[in-house]
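Coordinates from my_file_1.txt are shown below (compact mmCIF, C-alpha atoms).
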# COMPACT_ATOMS: atom_id res chain seq x y z
CA MET A 114 4.08 -1.22 27.89
CA LEU A 115 7.51 -1.11 29.49
CA LEU A 116 8.15 2.18 31.29
CA ILE A 117 11.66 3.54 31.69
CA THR A 118 12.66 7.00 32.83
CA ARG A 119 15.77 8.51 31.28
CA ARG A 120 17.70 11.72 31.71
CA THR A 121 19.14 13.70 28.86
CA GLY A 122 22.12 11.81 27.49
CA GLU A 123 20.89 8.41 28.66
CA ALA A 124 19.85 5.67 26.26
CA ILE A 125 17.99 2.39 25.85
CA VAL A 126 19.03 -0.69 23.86
CA ILE A 127 16.45 -2.88 22.12
CA ASN A 128 17.19 -6.40 20.81
CA GLY A 129 20.86 -5.78 21.47
CA ASP A 130 21.27 -3.67 18.33
CA ILE A 131 18.80 -0.78 18.37
CA GLU A 132 19.73 2.21 20.49
CA VAL A 133 17.42 5.05 21.47
CA LYS A 134 19.06 8.01 23.17
CA VAL A 135 17.47 11.04 24.81
CA LEU A 136 19.35 14.00 23.33
CA GLU A 137 17.41 16.96 24.60
CA VAL A 138 14.31 17.70 26.63
CA LYS A 139 12.87 21.17 26.15
CA GLY A 140 9.44 22.71 26.29
CA GLY A 141 7.54 19.44 26.54
CA ARG A 142 9.37 17.99 23.54
CA VAL A 143 11.94 15.24 23.59
CA LYS A 144 14.63 14.95 20.95
CA LEU A 145 15.54 11.32 20.43
CA GLY A 146 18.48 9.83 18.54
CA PHE A 147 18.33 6.38 16.96
CA GLU A 148 20.93 3.91 15.86
CA TYR A 149 19.72 0.73 14.22
CA PRO A 150 20.82 -1.93 11.77
CA SER A 151 20.03 -1.42 8.09
CA GLY A 152 16.79 -3.10 7.16
CA SER A 153 15.09 -1.74 10.26
CA THR A 154 12.43 0.92 9.84
CA VAL A 155 11.64 3.74 12.22
CA PHE A 156 8.44 5.75 11.92
CA ARG A 157 6.47 8.25 13.91
CA GLN A 158 3.63 6.24 15.40
CA GLU A 159 0.92 8.44 13.93
CA LEU A 160 2.22 7.88 10.40
CA PHE A 161 2.38 4.14 10.96
CA ALA A 162 -1.16 4.17 12.35
CA LYS A 163 -2.36 6.13 9.34
CA ILE A 164 -0.94 3.59 6.90
CA GLN A 165 -2.49 0.70 8.81
CA GLU A 166 -5.82 2.49 8.90
CA GLU A 167 -5.79 3.10 5.17
CA ASN A 168 -4.89 -0.54 4.46
CA LYS A 169 -7.82 -1.61 6.61
CA ALA A 170 -10.20 0.76 4.85
CA ALA A 171 -9.01 -0.57 1.51
CA ALA A 172 -9.54 -4.20 2.56
CA GLN A 173 -12.96 -3.45 4.06
CA ALA A 174 -14.13 -1.69 0.90
CA VAL A 175 -13.45 -4.66 -1.36
CA PRO A 176 -16.26 -6.94 -0.13
CA GLN A 177 -18.67 -4.03 -0.53
CA ALA A 178 -17.75 -3.41 -4.12
CA SER A 179 -19.04 -5.25 -7.14
CA THR A 180 -18.14 -5.56 -10.79
CA ASP A 181 -20.75 -2.93 -11.69
CA VAL A 182 -19.39 -0.46 -9.16
CA LEU A 183 -15.87 -0.97 -10.46
CA LYS A 184 -16.97 -0.65 -14.07
CA ASN A 185 -18.53 2.72 -13.24
CA VAL A 186 -15.49 3.87 -11.34
CA VAL A 187 -13.18 2.77 -14.16
CA ARG A 188 -15.38 4.58 -16.68
CA ASN A 189 -15.13 7.75 -14.60
CA LEU A 190 -11.36 7.37 -14.41
CA HIS A 191 -11.05 7.20 -18.16
CA SER A 192 -13.36 10.12 -18.76
CA LYS A 193 -11.45 12.51 -16.56
CA PRO A 194 -9.36 15.19 -18.24
CA HIS A 195 -5.65 14.47 -17.92
CA GLY A 196 -5.12 17.31 -15.46
CA ASN A 197 -6.98 15.50 -12.73
CA THR A 198 -4.52 12.68 -12.53
CA ALA A 199 -1.89 15.13 -11.43
CA HIS A 200 1.67 14.31 -10.63
CA ALA A 201 1.78 12.72 -7.22
CA LYS A 202 3.84 15.59 -5.86
CA ALA A 203 1.20 18.21 -6.50
CA PRO A 204 -2.15 16.84 -5.47
CA THR A 205 -5.02 19.00 -6.61
CA THR A 206 -7.52 16.71 -5.00
CA ALA A 207 -9.92 16.76 -2.13
CA THR A 208 -7.51 14.85 0.06
CA LYS A 209 -5.33 16.74 2.41
CA GLY A 210 -2.01 15.23 1.40
CA LEU A 211 -0.81 15.15 4.95
CA GLY A 212 2.88 14.71 5.52
CA ASP A 213 3.96 12.79 8.54
CA GLU A 214 5.04 15.94 10.41
CA SER A 215 1.63 17.43 10.87
CA ASP A 216 -0.48 14.41 11.46
CA GLN A 217 -3.92 15.04 12.80
CA PRO A 218 -6.50 12.41 13.65
CA HIS A 219 -7.99 11.56 10.33
CA VAL A 220 -11.44 12.75 9.27
CA GLN A 221 -12.80 10.77 6.35
CA PRO A 222 -15.34 12.58 4.21
CA GLY A 223 -18.03 10.47 2.60
CA ARG A 224 -16.58 7.27 3.94
CA ASN A 225 -18.63 4.09 3.55
CA LYS A 226 -19.49 3.02 7.13
CA MET B 246 -11.23 -13.03 -18.90
CA THR B 247 -8.89 -13.84 -16.07
CA GLU B 248 -5.21 -13.52 -16.77
CA PRO B 249 -2.37 -14.64 -14.57
CA MET B 250 -0.04 -11.87 -13.49
CA HIS B 251 2.52 -12.80 -16.11
CA SER B 252 0.46 -13.07 -19.21
CA ASP B 253 3.39 -14.08 -21.36
CA VAL B 254 2.70 -17.64 -20.25
CA SER B 255 -0.73 -18.70 -21.45
CA HIS B 256 -0.64 -22.39 -20.73
CA LYS B 257 -1.32 -23.68 -17.23
CA GLU B 258 1.48 -25.41 -15.42
CA GLY B 259 1.06 -26.92 -12.03
CA ALA B 260 -1.80 -26.32 -9.68
CA VAL B 261 -4.19 -23.44 -10.05
CA ARG B 262 -6.26 -22.11 -7.17
CA THR B 263 -9.63 -20.65 -7.91
CA PHE B 264 -11.01 -17.91 -5.70
CA THR B 265 -14.60 -16.83 -5.93
CA THR B 266 -14.55 -13.09 -5.35
CA ARG B 267 -17.14 -10.33 -5.53
CA PHE B 268 -15.90 -9.65 -9.01
CA GLY B 269 -16.14 -13.16 -10.32
CA GLU B 270 -13.84 -16.15 -10.33
CA VAL B 271 -10.14 -15.49 -10.13
CA GLU B 272 -7.56 -18.13 -10.91
CA LEU B 273 -4.16 -17.97 -9.30
CA ARG B 274 -1.28 -20.21 -10.30
CA GLU B 275 0.45 -21.81 -7.34
CA ASP B 276 3.85 -21.20 -8.88
CA ARG B 277 3.06 -17.50 -9.28
CA LEU B 278 2.04 -16.76 -5.71
CA ILE B 279 3.97 -13.98 -4.00
CA SER B 280 5.41 -14.31 -0.55
CA PHE B 281 5.05 -11.31 1.79
CA PRO B 282 7.09 -12.32 4.86
CA GLN B 283 6.00 -9.22 6.77
CA GLY B 284 2.51 -9.10 5.33
CA LEU B 285 1.10 -5.60 4.86
CA PHE B 286 0.87 -2.94 7.57
CA GLY B 287 -2.06 -3.92 9.76
CA PHE B 288 -2.16 -7.33 8.04
CA ARG B 289 0.94 -9.10 9.27
CA GLU B 290 -0.77 -12.47 9.00
CA CYS B 291 -1.33 -12.12 5.24
CA THR B 292 1.91 -13.63 4.08
CA GLN B 293 0.96 -15.01 0.69
CA PHE B 294 -0.81 -13.26 -2.16
CA GLY B 295 -1.78 -13.78 -5.76
CA LEU B 296 -2.10 -10.94 -8.24
CA ALA B 297 -4.75 -11.11 -10.92
CA ARG B 298 -6.53 -8.87 -13.40
CA LEU B 299 -10.13 -8.20 -12.46
CA PRO B 300 -12.36 -10.62 -14.26
CA ASN B 301 -15.19 -8.98 -16.18
CA VAL B 302 -13.74 -5.48 -16.06
CA ASP B 303 -11.80 -4.91 -19.24
CA SER B 304 -9.13 -2.42 -20.17
CA THR B 305 -8.35 -1.27 -16.71
CA PRO B 306 -5.09 -1.14 -14.82
CA LEU B 307 -6.94 -2.24 -11.66
CA MET B 308 -5.87 -5.59 -10.30
CA LEU B 309 -6.77 -7.74 -7.34
CA LEU B 310 -4.12 -8.60 -4.78
CA GLN B 311 -5.76 -11.62 -3.19
CA CYS B 312 -4.43 -12.98 0.08
CA THR B 313 -4.24 -16.74 -0.31
CA ASN B 314 -3.59 -17.75 3.28
CA GLN B 315 -6.39 -15.48 4.58
CA PRO B 316 -8.87 -15.69 1.71
CA GLY B 317 -11.25 -13.11 3.16
CA ILE B 318 -8.66 -10.39 2.58
CA ALA B 319 -8.04 -8.83 -0.82
CA PHE B 320 -6.94 -5.43 -2.08
CA LEU B 321 -7.56 -3.44 -5.23
CA VAL B 322 -4.19 -2.36 -6.56
CA ALA B 323 -2.70 -0.76 -9.66
CA ASP B 324 0.62 0.34 -11.06
CA PRO B 325 0.46 4.09 -10.30
CA SER B 326 2.08 5.00 -13.62
CA GLN B 327 -0.89 3.38 -15.37
CA LEU B 328 -3.17 5.69 -13.41
CA GLY B 329 -1.23 8.74 -14.60
CA LEU B 330 0.55 9.09 -11.26
CA GLU B 331 4.31 9.42 -11.14
CA LEU B 332 6.48 8.63 -8.17
CA GLU B 333 9.72 10.60 -8.15
CA LYS B 334 12.74 8.60 -9.30
CA SER B 335 14.47 9.31 -6.01
CA ASP B 336 11.50 7.91 -4.10
CA ILE B 337 11.45 4.78 -6.22
CA ALA B 338 15.16 4.43 -5.53
CA GLU B 339 14.50 4.83 -1.80
CA ALA B 340 11.88 2.07 -1.94
CA LEU B 341 14.12 -0.29 -3.91
CA GLU B 342 16.95 0.34 -1.48
CA GLY B 343 14.71 -0.10 1.57
CA THR B 344 13.17 -3.35 0.33
CA LYS B 345 16.42 -4.57 -1.22
CA MET B 346 14.67 -5.37 -4.47
CA PRO B 347 16.29 -5.28 -7.89
CA GLU B 348 15.34 -2.35 -10.10
CA GLY B 349 14.73 -4.35 -13.25
CA ASP B 350 12.42 -6.99 -11.82
CA THR B 351 10.42 -4.95 -9.36
CA GLN B 352 6.82 -4.01 -9.91
CA ILE B 353 5.44 -1.06 -7.97
CA LEU B 354 1.81 -1.10 -6.96
CA THR B 355 -0.40 1.24 -5.01
CA ILE B 356 -3.28 0.05 -2.85
CA LEU B 357 -6.59 1.61 -3.81
CA THR B 358 -9.46 2.36 -1.46
CA LEU B 359 -12.99 2.58 -2.74
CA TYR B 360 -14.99 5.34 -1.04
CA ASP B 361 -18.74 5.83 -1.11
CA GLN B 362 -19.82 9.43 -1.57
CA GLY B 363 -23.54 8.78 -1.52
CA ASP B 364 -24.60 8.58 -5.13
CA SER B 365 -21.33 7.30 -6.51
CA TYR B 366 -17.99 5.80 -5.62
CA TYR B 367 -14.47 7.05 -6.11
CA LEU B 368 -11.05 5.56 -5.68
CA THR B 369 -8.08 6.87 -3.76
CA ALA B 370 -4.51 5.61 -4.06
CA ASN B 371 -2.10 5.21 -1.16
CA LEU B 372 0.98 6.75 -2.74
CA LYS B 373 2.71 7.17 0.61
CA ALA B 374 3.07 3.42 1.17
CA PRO B 375 3.41 1.55 -2.12
CA VAL B 376 3.70 -2.21 -2.40
CA LEU B 377 6.79 -3.54 -4.15
CA VAL B 378 6.85 -6.96 -5.79
CA ASP B 379 10.04 -8.69 -6.87
CA THR B 380 8.61 -10.47 -9.89
CA HIS B 381 11.61 -12.75 -10.26
CA ASN B 382 11.87 -14.04 -6.69
CA LEU B 383 8.13 -13.61 -6.09
CA THR B 384 8.43 -11.69 -2.84
CA GLY B 385 6.58 -8.57 -1.82
CA MET B 386 6.70 -5.83 0.78
CA GLN B 387 4.94 -2.58 1.57
CA PHE B 388 7.24 0.40 2.00
CA ILE B 389 6.53 3.80 3.56
CA LEU B 390 8.19 6.58 1.56
CA SER B 391 9.89 9.34 3.51
CA ASN B 392 8.80 12.03 1.02
CA LYS B 393 6.20 14.08 2.89
CA THR B 394 4.30 15.24 -0.19
CA TYR B 395 2.58 11.94 -0.94
CA SER B 396 -0.92 11.25 0.28
CA THR B 397 -2.32 8.03 1.66
CA GLN B 398 -5.56 9.04 -0.04
CA HIS B 399 -4.72 10.54 -3.42
CA LYS B 400 -8.08 10.89 -5.11
CA LEU B 401 -8.23 9.51 -8.64

Take the structure from the file and write it as structure tokens.
Amino acid sequence: MLLITRRTGEAIVINGDIEVKVLEVKGGRVKLGFEYPSGSTVFRQELFAKIQEENKAAAQAVPQASTDVLKNVVRNLHSKPHGNTAHAKAPTTATKGLGDESDQPHVQPGRNK
Amino acid sequence: MTEPMHSDVSHKEGAVRTFTTRFGEVELREDRLISFPQGLFGFRECTQFGLARLPNVDSTPLMLLQCTNQPGIAFLVADPSQLGLELEKSDIAEALEGTKMPEGDTQILTILTLYDQGDSYYLTANLKAPVLVDTHNLTGMQFILSNKTYSTQHKL
């Protein structure tokens, strides 16, 4: 990891076209400003890590499944009352629906492995 | 019965690759493979995929997104609208804009994770980071939506 110390108002340039500027340092929090070309993506690391982790869990679950397991799961999907497959914006489910602001290390209930 | 992703074409043209999966044999047409230049998050090396219906599991929106250059990697996916899940129009627009994919030709998929809860299994859908497939150019990309209300583990 490259380590650079900056004061408020100073910046860093990555790949010649991404700029990261320190805007404010207060109370142990750093406000950063970003300028970057369109097509680039910028994410809080914990959100990015969460997506990667979920992709890995999804891939790892596939070899452990079987046609019978999926048939049962599909049967359960179809037998659920419509209200359970709620609009994505209002999850009524066991999952915590974490937004990227309040990320906590993830605890997975009932996870295989 | 295996079906290629685009079931409007029933005759086989060109080479077909057969993958033996846990769910049975899956046939993928070479000319229907999808290029993922950036792979998926955590799977950057998976740059080519085929999409197929699950053999032997009928009348389900679940599909298999099989990595063809890393054959040990595959994902269960589905169109969220076929699971009764709606993404907001503005979020779909954000994803189309961010991936630079055309509205008319783009298929939106969500990656499903199978979880074991002891005596049974359940599925969760990653609505926060859908996978977009340009069905005309056959390219794909995973996109993280900025909307904070979506879950990476929306229980079905």

- Message: Using all atoms listed in the file and a cut-off of 8 Å, which residues of chain B sit close to chain A? Please list them as number ranges by chain.
- Response: B: 267-269, 285-287, 301-302, 305, 318-321, 328-332, 343-344, 356-363, 366-368, 371-372, 374, 392-401

For this session: Fewer than 3 positions away in the same chain doesn't count, so skip those; otherwise give me all residues within 12 Å of range 133-138 of chain A, counting only C-alpha atoms, as a ChimeraX atom specification.
Result: /A:117-130,141-149,155

**Request:** Between B:Ile337, B:Ala260, B:Leu383, B:Met346, single out the one closest to Gly295 in chain B, counting only C-alpha atoms.
**Result:**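 Of B:Ile337, B:Ala260, B:Leu383, B:Met346, the one nearest Gly295 in chain B is B:Leu383, counting only C-alpha atoms.
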
Please provide the set of residues having any atom within 8 Å of Glu275 in chain B, restricted to only C-alpha atoms, with same-chain residues fewer than 6 positions apart removed, written as number ranges by chain.
B: 259-262

Could you turn the residues from that selection into a file that holds C-alpha atoms, as a tab-separated table (two decimals), keeping the file's coordinate frame?
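Dumped to result16.tsv:
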chain	number	residue	atom	x	y	z
B	259	GLY	CA	1.06	-26.92	-12.03
B	260	ALA	CA	-1.80	-26.32	-9.68
B	261	VAL	CA	-4.19	-23.44	-10.05
B	262	ARG	CA	-6.26	-22.11	-7.17

### Task
Identify, on the basis of all atoms listed in the file, every residue whose closest approach to Gly385 in chain B does not exceed 8 Å; exclude the query and any residue fewer than 6 positions from it along the same chain; express the result as a count of residues only.
8

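Atom to atom, CA of Thr369 in chain B and CA of Pro347 in chain B stand 27.5 Å apart.
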
* Point-to-point distance from CA of Pro316 in chain B to CA of Gln293 in chain B, Å rounded to tenths ->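 We find that CA of Pro316 in chain B and CA of Gln293 in chain B lie 9.9 Å from each other.
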
The distance between CA of Gly140 in chain A and CA of Glu159 in chain A is 20.7 Å

Tell me which protein, DNA and RNA residues are within 8 Å of Thr292 in chain B, counting all atoms listed in the file, leaving out same-chain ones fewer than 2 positions away, and put them as a tab-separated table (two decimals) with C-alpha atoms, in the coordinates of the input.
chain	number	residue	atom	x	y	z
B	280	SER	CA	5.41	-14.31	-0.55
B	281	PHE	CA	5.05	-11.31	1.79
B	282	PRO	CA	7.09	-12.32	4.86
B	283	GLN	CA	6.00	-9.22	6.77
B	284	GLY	CA	2.51	-9.10	5.33
B	289	ARG	CA	0.94	-9.10	9.27
B	290	GLU	CA	-0.77	-12.47	9.00
B	294	PHE	CA	-0.81	-13.26	-2.16
B	312	CYS	CA	-4.43	-12.98	0.08
B	314	ASN	CA	-3.59	-17.75	3.28

For this session: Considering only C-alpha atoms, state which residue in the set B:Asp276, B:Lys373, B:His381, B:Phe264 is at the smallest distance from Glu333 in chain B.
Result: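 Checking each candidate against Glu333 in chain B, we get B:Lys373 as the closest.
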